[in-house]
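Colleague: Encoded as structure tokens, here's the structure I'll be asking about.
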Amino acid sequence: MRDTIIPIVAQRRAHDGGHHHEHDGIAAAPPTIALTRREFLRGTGVLVGTIAATSIFASLAPSRVWALEMQGLDTHQGEVLLQVTRQIYPHATLDDAVYALVVKDLDAKAKADPAVRQQLADGVAQLDAKAGSDWTKRGANDKAQDVAALAGTPFFNTVRSTAVVSLYSNPMAYEHFGYGASKGDGGYLHQGFNSLSWLPDPPAGASGPIPTDS
Amino acid sequence: MDQGNKVQFKHSDGNVVVVIGSGAGGGTLANELAQKGIDVVVLEAGKSHTQGDFSTSEWDAFKMLSWLDMRTTSGSWRLAQDFPNLPAWVCKTVGGTTTHWAGASLRIQPHEFKAKTTYGDVQGATLLDWPITREELDPYYDRAEKKMGVTRTNGLPGLPGNNNFKVMSAGATKVGYKECNTGHMAINSTVRDNRTHCFQRGFCFQGCRMGAKWSTLYTELPRAQATGHMELRTQAHVAKIEHDARGKVTGVVYYDANGKLQRQRARVVAVAGNAIETPRLLLNSQSSKFPEGLANGSGQVGRNYMRHTTGSVYGVFEDKVEMYKGTTMAGIIEDEAVFDPKRGFAGGYHMETVSLGLPFYAAFLDPGAWGPNFTAALDQYQYTAGMWIVGEDMPRESNRVTLNSDVTDQYGLPVPNVHFDDHPNDEAMREHAYKQGSAVYEAAGAKATYLVPPYPSTHNLGTARMSAKADEGVCNPHGQTHEVANLFISDGSQFTTGAAENPTLTIVTLAIRQADYIAGQMKQRRV
């Protein structure tokens, strides 16, 4: 897993002139209308969102606006997949920016494998058909039922197995769920490994001394 | 690590001992032999990774250290559904699974060495007594504990308990358990052996960056190299063990780092590839003289595969636990690790603290699960405490590693298939342990408990077991195969039964003893 905070729109790619840096990070500015043309030309999509001002991520990020450029999925497909993921792994207060990381990894798989691309496209089309044209406009109850009905299908399995890794293996998730991750690299010996105080301490002899010889 | 070599042996040098694998068994055996002046070539299938390479990311560490070569599964165990190509969570790296292990170091109990005598006939199980007693092993256990710096032995203090242990301890006390402490751990509780004490990072499973946890990576292997009697070859995947017309092994054929076939001659070959690769290699070494596989006249190679009766219990509390802070497994309840058939099963089990980071908690809590119940558990992550169950499982002839000739690995070799069905005794024990584990957490105030199925197996045992009679096993009490005098089994494959203890200490103990034996046999020109 890369320690990127939020995926970003590539600002400019200079007509593929050998300039292939990954532009991961926080978008400094909202995407511009130029994106529409890019989407048309290259068949890619963009997901855009804003982190709630009350979110614990708001203070972490240089900008509350985030954007994800996709190369295997179009914008609508990305939006549907994000909302499907919210149904599969619902965390009411977890920001869309984290769910977007699942779409990012699905996009990478779609880009790398035409079969996955087709599978995701078909799955989205199937959902859209249920809604008439745009599944994202379905009511919450309908969405839940639609996704539950897909359980066990290859489409569902692809989204779920990607999501269970992507959703919970990134610094925003660590912050949200309260996991120390790399913050523990130096060790918790002097940073609260035994800070729990709401239970009686273990009997003498059950534990051991704090080492002092380093 | 290859740079650590002070000596290079010729491929044609037939005087060396070839050790296959560099983990607890192979790494220890290699060092013990090298310290005696015996020339050793260690062939390790994995790459060399140093402490500096270790990652705090669970998935990155998993990808770097784990044995991910193709494997298949069958049988009624849940792993065959959830992780059909990952029956075991073991390592392919210099140091083997001692990079990943949690450090729990318990001696197998005297009655467990006599499983058949103690438990009697258990239907559907192929129990045997070990051809060796605890009393005979005790002097070697002493040496292993000293080597590894096991806490609460040799005057070493126990590790200080972390939050996860505090919860276990409080619950155990209320339930009435008497034997609960921070355990016997091969993790330095003080600075010793040129290695620091534990800093309570909590990434034991991802490799100990501090080097406080004993691993052959930075103890046995460099020390063996320093003698000038051991050469370590990494990314050396052994494909076949060869023999002569008399049935003595003459060397091994392996793929080197460039995928090129090499032949290393040997006076003795010791196999320590963990209990899936070890039988696979013997089976893949079949010949006209050994049509069922090398040293497999008994038909026992690959059979009696054991992986301990395991499972986890997680408890959710009103207040924060933050189980990830500090040593992954420094807390143990020993009261249930006794023989007490009144509970409805033979054998006993331990409860040991365990913690998973958020990524692996999500992956292993209930593999395949989704929806609000699953996410509710994740939402409580920082209020959660965890324990792992380690119990004795029953050996069964039909639980076995075989060659899957329909599927081949990157070298074109048949991959191992691991077949496992839980024995009714295993199921009864797991149910009991789930109940007791839940009771511990409820006594400490848990508002919810989660019963978690076994992870891909880390304790893989029994597939080339030692036996008094040649037709009941593969090797003798020294790990020497019944059929081939200069071929040894040097890992957990040689366990006659599984016992209720984490196996590494016993693997190291047997390797120390085996080194003495091999040295004696070589001196007497018996091998």
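Ligands are numbered from 1 in the order shown, chains are lettered A, B, ... in the order of the structure tokens, and residues start at 1 in each chain.
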Please, which residues of stretch 205-442 of chain B, numbered as in this document, come out alpha helix (DSSP H) from DSSP, as a PyMOL selection string?

Modeller: chain B and resi 220-226+274-284+358-364+372-379+424-442

Colleague: Quick one: residues within 10 Å of B:Asp69, only C-alpha atoms counted, chain neighbours fewer than 2 positions away excluded, as a ChimeraX atom specification?

Modeller: /B:66-67,71,85-86,92,408-410,415-416

Colleague: Would you mind exporting all heavy atoms of the selected residues as a CSV table (one decimal), in the first residue's frame?

Modeller:
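What landed in out-v8.csv:
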```csv
chain,number,residue,atom,x,y,z
B,66,SER,N,6.3,-13.6,2.9
B,66,SER,CA,5.5,-14.9,2.9
B,66,SER,C,5.8,-15.8,1.7
B,66,SER,O,6.3,-15.4,0.7
B,66,SER,CB,4.0,-14.6,2.8
B,66,SER,OG,3.6,-13.8,3.9
B,67,TRP,N,5.6,-17.1,2.0
B,67,TRP,CA,5.7,-18.1,0.9
B,67,TRP,C,4.4,-18.0,0.1
B,67,TRP,O,3.4,-18.5,0.5
B,67,TRP,CB,5.9,-19.5,1.6
B,67,TRP,CG,6.2,-20.5,0.5
B,67,TRP,CD1,5.4,-21.0,-0.4
B,67,TRP,CD2,7.5,-21.1,0.3
B,67,TRP,NE1,6.1,-21.9,-1.2
B,67,TRP,CE2,7.4,-22.0,-0.8
B,67,TRP,CE3,8.8,-21.0,0.9
B,67,TRP,CZ2,8.4,-22.8,-1.3
B,67,TRP,CZ3,9.8,-21.7,0.4
B,67,TRP,CH2,9.7,-22.6,-0.7
B,71,ARG,N,0.0,-23.0,-4.2
B,71,ARG,CA,-0.4,-24.2,-3.5
B,71,ARG,C,-1.9,-24.4,-3.7
B,71,ARG,O,-2.6,-23.4,-3.9
B,71,ARG,CB,-0.1,-24.1,-2.0
B,71,ARG,CG,1.4,-24.2,-1.7
B,71,ARG,CD,1.7,-23.8,-0.2
B,71,ARG,NE,3.1,-24.1,0.1
B,71,ARG,CZ,3.7,-23.7,1.2
B,71,ARG,NH1,3.1,-22.9,2.0
B,71,ARG,NH2,5.0,-24.0,1.4
B,85,ASN,N,-5.6,-20.9,-2.0
B,85,ASN,CA,-4.2,-21.0,-2.4
B,85,ASN,C,-3.2,-20.6,-1.4
B,85,ASN,O,-2.0,-20.3,-1.6
B,85,ASN,CB,-3.9,-20.3,-3.7
B,85,ASN,CG,-4.8,-20.8,-4.8
B,85,ASN,OD1,-5.7,-20.0,-5.4
B,85,ASN,ND2,-4.8,-22.1,-5.2
B,86,LEU,N,-3.7,-20.4,-0.2
B,86,LEU,CA,-2.8,-20.0,0.9
B,86,LEU,C,-3.2,-20.8,2.2
B,86,LEU,O,-3.7,-20.2,3.2
B,86,LEU,CB,-3.0,-18.5,1.2
B,86,LEU,CG,-2.0,-17.8,2.1
B,86,LEU,CD1,-0.7,-17.7,1.5
B,86,LEU,CD2,-2.5,-16.5,2.7
B,92,LYS,N,9.1,-17.1,3.1
B,92,LYS,CA,10.1,-17.5,2.1
B,92,LYS,C,11.1,-16.3,2.0
B,92,LYS,O,10.9,-15.4,1.3
B,92,LYS,CB,9.4,-17.6,0.7
B,92,LYS,CG,10.3,-18.1,-0.4
B,92,LYS,CD,9.6,-18.2,-1.7
B,92,LYS,CE,10.5,-18.7,-2.8
B,92,LYS,NZ,9.8,-18.9,-4.1
B,408,THR,N,1.4,-26.7,-11.7
B,408,THR,CA,2.8,-26.7,-11.5
B,408,THR,C,3.3,-25.2,-11.1
B,408,THR,O,2.5,-24.3,-11.3
B,408,THR,CB,3.6,-27.0,-12.8
B,408,THR,OG1,3.1,-26.2,-13.9
B,408,THR,CG2,3.4,-28.5,-13.1
B,409,ASP,N,4.4,-25.2,-10.5
B,409,ASP,CA,4.9,-23.9,-10.0
B,409,ASP,C,5.8,-23.2,-11.1
B,409,ASP,O,5.8,-23.7,-12.2
B,409,ASP,CB,5.7,-24.0,-8.7
B,409,ASP,CG,7.0,-24.8,-8.9
B,409,ASP,OD1,7.4,-25.1,-10.0
B,409,ASP,OD2,7.6,-25.1,-7.8
B,410,GLN,N,6.5,-22.2,-10.7
B,410,GLN,CA,7.3,-21.4,-11.7
B,410,GLN,C,8.4,-22.2,-12.3
B,410,GLN,O,9.0,-21.8,-13.3
B,410,GLN,CB,7.8,-20.1,-11.0
B,410,GLN,CG,8.7,-20.3,-9.8
B,410,GLN,CD,8.0,-20.3,-8.5
B,410,GLN,OE1,7.0,-20.9,-8.4
B,410,GLN,NE2,8.6,-19.7,-7.5
B,415,VAL,N,2.8,-28.7,-7.7
B,415,VAL,CA,2.7,-27.9,-6.4
B,415,VAL,C,2.1,-28.9,-5.3
B,415,VAL,O,1.5,-29.9,-5.6
B,415,VAL,CB,1.7,-26.7,-6.6
B,415,VAL,CG1,2.2,-25.8,-7.7
B,415,VAL,CG2,0.3,-27.1,-6.8
B,416,PRO,N,2.3,-28.5,-4.1
B,416,PRO,CA,1.7,-29.3,-3.0
B,416,PRO,C,0.2,-29.0,-2.9
B,416,PRO,O,-0.2,-27.9,-3.0
B,416,PRO,CB,2.4,-28.9,-1.8
B,416,PRO,CG,2.9,-27.5,-2.1
B,416,PRO,CD,3.1,-27.4,-3.5
```

Colleague: Only residues of chain B matter here; which ones have an atom within 7 Å of chain A, counting only C-alpha atoms? Give them as a tab-separated table (two decimals) with all heavy atoms, in the first residue's frame.

Modeller:
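Output file out.tsv is given in full below:
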```tsv
chain	number	residue	atom	x	y	z
B	56	THR	N	6.14	-1.59	8.35
B	56	THR	CA	5.03	-1.56	9.29
B	56	THR	C	3.70	-1.81	8.57
B	56	THR	O	2.67	-1.95	9.22
B	56	THR	CB	4.92	-0.21	10.02
B	56	THR	OG1	4.75	0.82	9.03
B	56	THR	CG2	6.17	0.06	10.84
B	60	ASP	N	2.34	-5.03	2.84
B	60	ASP	CA	3.68	-4.97	2.25
B	60	ASP	C	4.59	-6.03	2.87
B	60	ASP	O	5.33	-6.72	2.16
B	60	ASP	CB	4.30	-3.59	2.47
B	60	ASP	CG	3.69	-2.54	1.55
B	60	ASP	OD1	2.89	-2.91	0.66
B	60	ASP	OD2	4.02	-1.34	1.72
B	157	PRO	N	13.89	-11.66	33.18
B	157	PRO	CA	12.55	-11.25	33.60
B	157	PRO	C	11.52	-11.46	32.50
B	157	PRO	O	11.87	-11.61	31.32
B	157	PRO	CB	12.71	-9.75	33.90
B	157	PRO	CG	13.91	-9.31	33.14
B	157	PRO	CD	14.80	-10.53	33.01
B	158	GLY	N	10.26	-11.47	32.89
B	158	GLY	CA	9.18	-11.49	31.90
B	158	GLY	C	9.09	-10.15	31.20
B	158	GLY	O	9.65	-9.15	31.67
B	159	LEU	N	8.42	-10.13	30.06
B	159	LEU	CA	8.18	-8.86	29.38
B	159	LEU	C	7.10	-8.08	30.15
B	159	LEU	O	6.20	-8.68	30.74
B	159	LEU	CB	7.70	-9.10	27.95
B	159	LEU	CG	8.77	-9.60	26.97
B	159	LEU	CD1	8.10	-10.17	25.71
B	159	LEU	CD2	9.73	-8.48	26.59
B	160	PRO	N	7.18	-6.76	30.13
B	160	PRO	CA	6.11	-5.99	30.74
B	160	PRO	C	4.82	-6.14	29.92
B	160	PRO	O	4.86	-6.17	28.70
B	160	PRO	CB	6.64	-4.54	30.68
B	160	PRO	CG	7.63	-4.53	29.57
B	160	PRO	CD	8.23	-5.91	29.51
B	161	GLY	N	3.72	-6.27	30.62
B	161	GLY	CA	2.45	-6.52	29.93
B	161	GLY	C	1.89	-5.26	29.28
B	161	GLY	O	1.92	-4.18	29.86
B	162	ASN	N	1.37	-5.42	28.07
B	162	ASN	CA	0.76	-4.27	27.38
B	162	ASN	C	-0.75	-4.23	27.67
B	162	ASN	O	-1.27	-5.01	28.46
B	162	ASN	CB	1.06	-4.31	25.88
B	162	ASN	CG	0.42	-5.51	25.19
B	162	ASN	OD1	-0.24	-6.33	25.81
B	162	ASN	ND2	0.63	-5.62	23.88
B	163	ASN	N	-1.44	-3.33	27.00
B	163	ASN	CA	-2.87	-3.16	27.26
B	163	ASN	C	-3.65	-4.43	26.95
B	163	ASN	O	-4.57	-4.81	27.67
B	163	ASN	CB	-3.43	-2.01	26.41
B	163	ASN	CG	-2.86	-0.66	26.84
B	163	ASN	OD1	-2.32	-0.54	27.94
B	163	ASN	ND2	-2.99	0.34	25.98
B	166	LYS	N	-3.30	-6.69	29.76
B	166	LYS	CA	-4.05	-6.25	30.94
B	166	LYS	C	-5.50	-6.74	30.89
B	166	LYS	O	-6.07	-7.15	31.90
B	166	LYS	CB	-4.04	-4.72	31.06
B	166	LYS	CG	-2.73	-4.16	31.59
B	166	LYS	CD	-2.87	-2.66	31.82
B	166	LYS	CE	-1.58	-2.07	32.39
B	166	LYS	NZ	-1.73	-0.62	32.68
B	169	SER	N	-5.47	-10.53	31.46
B	169	SER	CA	-5.14	-10.84	32.85
B	169	SER	C	-6.34	-10.57	33.76
B	169	SER	O	-6.68	-11.39	34.63
B	169	SER	CB	-3.93	-10.01	33.28
B	169	SER	OG	-3.68	-10.17	34.66
B	170	ALA	N	-6.99	-9.42	33.56
B	170	ALA	CA	-8.14	-9.08	34.42
B	170	ALA	C	-9.26	-10.10	34.25
B	170	ALA	O	-9.86	-10.56	35.23
B	170	ALA	CB	-8.64	-7.68	34.07
B	180	CYS	N	-1.67	-17.19	34.40
B	180	CYS	CA	-1.74	-16.18	33.35
B	180	CYS	C	-0.64	-15.17	33.57
B	180	CYS	O	-0.59	-14.51	34.61
B	180	CYS	CB	-3.13	-15.51	33.36
B	180	CYS	SG	-3.25	-14.16	32.17
B	181	ASN	N	0.27	-15.07	32.61
B	181	ASN	CA	1.33	-14.09	32.72
B	181	ASN	C	1.82	-13.71	31.32
B	181	ASN	O	1.21	-14.11	30.32
B	181	ASN	CB	2.49	-14.62	33.58
B	181	ASN	CG	3.08	-15.90	33.02
B	181	ASN	OD1	3.36	-15.99	31.83
B	181	ASN	ND2	3.25	-16.91	33.86
B	182	THR	N	2.89	-12.93	31.26
B	182	THR	CA	3.37	-12.47	29.95
B	182	THR	C	4.23	-13.52	29.24
B	182	THR	O	4.90	-13.21	28.26
B	182	THR	CB	4.13	-11.13	30.05
B	182	THR	OG1	5.19	-11.28	31.01
B	182	THR	CG2	3.21	-10.00	30.46
B	189	SER	N	13.87	-9.32	27.09
B	189	SER	CA	13.28	-8.42	28.08
B	189	SER	C	14.34	-7.50	28.66
B	189	SER	O	14.03	-6.54	29.35
B	189	SER	CB	12.60	-9.24	29.19
B	189	SER	OG	13.51	-10.17	29.76
B	190	THR	N	15.61	-7.81	28.39
B	190	THR	CA	16.72	-6.92	28.71
B	190	THR	C	17.69	-7.00	27.53
B	190	THR	O	17.58	-7.89	26.68
B	190	THR	CB	17.47	-7.36	29.98
B	190	THR	OG1	17.96	-8.69	29.77
B	190	THR	CG2	16.56	-7.35	31.19
B	191	VAL	N	18.65	-6.07	27.50
B	191	VAL	CA	19.66	-6.15	26.45
B	191	VAL	C	20.51	-7.39	26.69
B	191	VAL	O	21.00	-7.61	27.80
B	191	VAL	CB	20.56	-4.88	26.48
B	191	VAL	CG1	21.68	-5.01	25.45
B	191	VAL	CG2	19.73	-3.63	26.20
B	196	THR	N	19.06	-5.69	21.37
B	196	THR	CA	18.38	-4.80	22.31
B	196	THR	C	17.17	-5.49	22.95
B	196	THR	O	16.77	-6.57	22.54
B	196	THR	CB	17.92	-3.52	21.59
B	196	THR	OG1	17.33	-2.65	22.56
B	196	THR	CG2	16.87	-3.84	20.52
B	199	PHE	N	11.03	-2.98	22.35
B	199	PHE	CA	10.50	-1.62	22.47
B	199	PHE	C	8.99	-1.56	22.27
B	199	PHE	O	8.43	-0.50	22.08
B	199	PHE	CB	11.20	-0.67	21.48
B	199	PHE	CG	12.53	-0.17	21.98
B	199	PHE	CD1	13.68	-0.91	21.77
B	199	PHE	CD2	12.63	1.02	22.69
B	199	PHE	CE1	14.91	-0.47	22.25
B	199	PHE	CE2	13.85	1.47	23.17
B	199	PHE	CZ	15.00	0.72	22.96
B	200	GLN	N	8.35	-2.72	22.27
B	200	GLN	CA	6.88	-2.74	22.21
B	200	GLN	C	6.33	-2.06	20.95
B	200	GLN	O	5.43	-1.24	21.02
B	200	GLN	CB	6.28	-2.10	23.48
B	200	GLN	CG	6.73	-2.74	24.77
B	200	GLN	CD	6.00	-4.05	25.10
B	200	GLN	OE1	4.93	-4.33	24.57
B	200	GLN	NE2	6.62	-4.87	25.94
B	201	ARG	N	6.92	-2.44	19.80
B	201	ARG	CA	6.42	-1.85	18.54
B	201	ARG	C	5.08	-2.44	18.14
B	201	ARG	O	4.21	-1.77	17.61
B	201	ARG	CB	7.41	-2.12	17.40
B	201	ARG	CG	8.66	-1.29	17.44
B	201	ARG	CD	9.65	-1.77	16.38
B	201	ARG	NE	9.31	-1.40	15.02
B	201	ARG	CZ	9.05	-2.26	14.04
B	201	ARG	NH1	9.06	-3.55	14.27
B	201	ARG	NH2	8.77	-1.83	12.84
B	321	VAL	N	-8.69	-0.04	24.19
B	321	VAL	CA	-7.66	-1.05	24.45
B	321	VAL	C	-6.41	-0.75	23.62
B	321	VAL	O	-5.30	-0.76	24.12
B	321	VAL	CB	-8.18	-2.46	24.13
B	321	VAL	CG1	-7.08	-3.50	24.36
B	321	VAL	CG2	-9.40	-2.80	24.98
B	325	LYS	N	-0.75	-1.78	20.30
B	325	LYS	CA	0.40	-1.18	20.97
B	325	LYS	C	1.15	-2.25	21.76
B	325	LYS	O	0.65	-2.76	22.76
B	325	LYS	CB	-0.05	-0.05	21.89
B	325	LYS	CG	-0.57	1.17	21.14
B	325	LYS	CD	-0.87	2.32	22.09
B	325	LYS	CE	-1.27	3.57	21.28
B	325	LYS	NZ	-1.66	4.69	22.16
B	326	GLY	N	2.34	-2.56	21.33
B	326	GLY	CA	3.17	-3.48	22.09
B	326	GLY	C	3.18	-4.90	21.54
B	326	GLY	O	2.48	-5.23	20.59
B	357	GLY	N	-3.26	-5.60	13.01
B	357	GLY	CA	-3.47	-4.23	12.60
B	357	GLY	C	-4.79	-4.11	11.85
B	357	GLY	O	-5.42	-5.12	11.51
B	358	LEU	N	-5.21	-2.90	11.58
B	358	LEU	CA	-6.50	-2.71	10.92
B	358	LEU	C	-6.61	-3.47	9.60
B	358	LEU	O	-7.62	-4.13	9.35
B	358	LEU	CB	-6.74	-1.20	10.69
B	358	LEU	CG	-8.10	-0.87	10.08
B	358	LEU	CD1	-9.23	-1.11	11.08
B	358	LEU	CD2	-8.11	0.58	9.59
B	359	PRO	N	-5.57	-3.46	8.74
B	359	PRO	CA	-5.71	-4.17	7.46
B	359	PRO	C	-5.96	-5.66	7.64
B	359	PRO	O	-6.83	-6.23	6.96
B	359	PRO	CB	-4.36	-3.93	6.77
B	359	PRO	CG	-3.86	-2.64	7.35
B	359	PRO	CD	-4.31	-2.68	8.79
B	362	ALA	N	-9.39	-6.56	9.22
B	362	ALA	CA	-10.44	-6.56	8.20
B	362	ALA	C	-10.36	-7.83	7.35
B	362	ALA	O	-11.38	-8.42	7.00
B	362	ALA	CB	-10.31	-5.32	7.31
B	363	ALA	N	-9.16	-8.27	7.05
B	363	ALA	CA	-8.99	-9.41	6.15
B	363	ALA	C	-9.36	-10.74	6.82
B	363	ALA	O	-9.83	-11.66	6.16
B	363	ALA	CB	-7.55	-9.47	5.65
B	370	TRP	N	-19.35	-9.14	4.72
B	370	TRP	CA	-19.58	-7.75	4.35
B	370	TRP	C	-20.86	-7.30	5.02
B	370	TRP	O	-21.54	-8.09	5.66
B	370	TRP	CB	-19.66	-7.60	2.82
B	370	TRP	CG	-20.74	-8.43	2.20
B	370	TRP	CD1	-20.70	-9.77	1.91
B	370	TRP	CD2	-22.05	-7.99	1.82
B	370	TRP	NE1	-21.89	-10.18	1.38
B	370	TRP	CE2	-22.74	-9.11	1.31
B	370	TRP	CE3	-22.70	-6.75	1.85
B	370	TRP	CZ2	-24.05	-9.04	0.84
B	370	TRP	CZ3	-24.01	-6.67	1.38
B	370	TRP	CH2	-24.66	-7.81	0.87
B	371	GLY	N	-21.17	-6.04	4.89
B	371	GLY	CA	-22.42	-5.53	5.44
B	371	GLY	C	-22.27	-4.93	6.82
B	371	GLY	O	-21.18	-4.91	7.39
B	372	PRO	N	-23.38	-4.45	7.37
B	372	PRO	CA	-23.34	-3.67	8.61
B	372	PRO	C	-22.77	-4.41	9.82
B	372	PRO	O	-22.12	-3.79	10.65
B	372	PRO	CB	-24.81	-3.30	8.86
B	372	PRO	CG	-25.53	-3.55	7.59
B	372	PRO	CD	-24.75	-4.52	6.79
B	375	THR	N	-19.00	-4.27	9.42
B	375	THR	CA	-18.41	-2.95	9.59
B	375	THR	C	-18.56	-2.45	11.02
B	375	THR	O	-17.74	-1.68	11.51
B	375	THR	CB	-19.01	-1.94	8.60
B	375	THR	OG1	-20.43	-2.00	8.65
B	375	THR	CG2	-18.54	-2.22	7.19
B	379	ASP	N	-15.65	-0.79	13.23
B	379	ASP	CA	-15.82	0.52	13.88
B	379	ASP	C	-15.30	0.50	15.32
B	379	ASP	O	-14.94	1.54	15.86
B	379	ASP	CB	-17.31	0.92	13.87
B	379	ASP	CG	-17.78	1.37	12.49
B	379	ASP	OD1	-16.93	1.77	11.67
B	379	ASP	OD2	-19.02	1.31	12.23
B	381	TYR	N	-12.62	-1.03	16.41
B	381	TYR	CA	-11.25	-1.55	16.39
B	381	TYR	C	-10.43	-1.14	17.61
B	381	TYR	O	-9.80	-1.97	18.26
B	381	TYR	CB	-10.53	-1.12	15.10
B	381	TYR	CG	-9.09	-1.55	15.07
B	381	TYR	CD1	-8.77	-2.88	14.83
B	381	TYR	CD2	-8.06	-0.65	15.34
B	381	TYR	CE1	-7.44	-3.30	14.85
B	381	TYR	CE2	-6.75	-1.06	15.37
B	381	TYR	CZ	-6.44	-2.39	15.12
B	381	TYR	OH	-5.13	-2.80	15.16
B	382	GLN	N	-10.46	0.13	17.96
B	382	GLN	CA	-9.57	0.56	19.03
B	382	GLN	C	-10.07	0.17	20.43
B	382	GLN	O	-9.34	0.33	21.41
B	382	GLN	CB	-9.27	2.05	18.94
B	382	GLN	CG	-10.49	2.93	18.95
B	382	GLN	CD	-10.13	4.38	18.66
B	382	GLN	OE1	-9.04	4.84	18.99
B	382	GLN	NE2	-11.04	5.10	18.02
```

Colleague: Using the chain letters and numbers from this document, which residues of stretch 38-134 of chain A does DSSP assign to strand (DSSP E), as a ChimeraX atom specification?

Modeller: /A:45-50,65-70

Colleague: For stretch 462-479 of chain B, list every protein, DNA or RNA residue within 8 Å, evaluated using only C-alpha atoms, and leave out those in the same chain fewer than 4 positions away; present the list as an NGL selection string.

Modeller: :B and (128-132 or 275-276 or 278-279 or 295-298 or 300-306 or 395 or 400-401 or 483 or 488-490 or 492-498 or 510 or 513-514 or 517)

Colleague: For B:Ala226, please output as a PDB file with N, CA and C atoms, in the first residue's frame all residues within 9 Å (counting only C-alpha atoms; exclusion window: fewer than 6 positions along the same chain).

Modeller:
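As a result, around-v1.pdb now contains:
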```
ATOM      1  N   GLY B   4      27.808 -12.104   3.640  1.00  0.00           N
ATOM      2  CA  GLY B   4      28.328 -12.569   4.918  1.00  0.00           C
ATOM      3  C   GLY B   4      29.151 -13.844   4.810  1.00  0.00           C
ATOM      4  N   ASN B   5      29.101 -14.471   3.633  1.00  0.00           N
ATOM      5  CA  ASN B   5      29.829 -15.729   3.482  1.00  0.00           C
ATOM      6  C   ASN B   5      31.334 -15.505   3.528  1.00  0.00           C
ATOM      7  N   LYS B   6      32.020 -16.315   4.318  1.00  0.00           N
ATOM      8  CA  LYS B   6      33.480 -16.266   4.344  1.00  0.00           C
ATOM      9  C   LYS B   6      34.084 -17.428   3.566  1.00  0.00           C
TER      10      LYS B   6
END
```

Colleague: My list of candidates is B:Met168, B:Tyr361, B:Tyr434, B:Gln264. Which is closest to B:Val249 when distances are computed with only C-alpha atoms?

Modeller: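 Counting only C-alpha atoms, the residue closest to B:Val249 is B:Gln264.
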
Colleague: Which residue, A:Asp95, A:Glu69, A:Glu79, A:Asp107, has the smallest gap to A:Asp128 when you use only C-alpha atoms?

Modeller: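 Smallest distance to A:Asp128 is found for A:Glu79.
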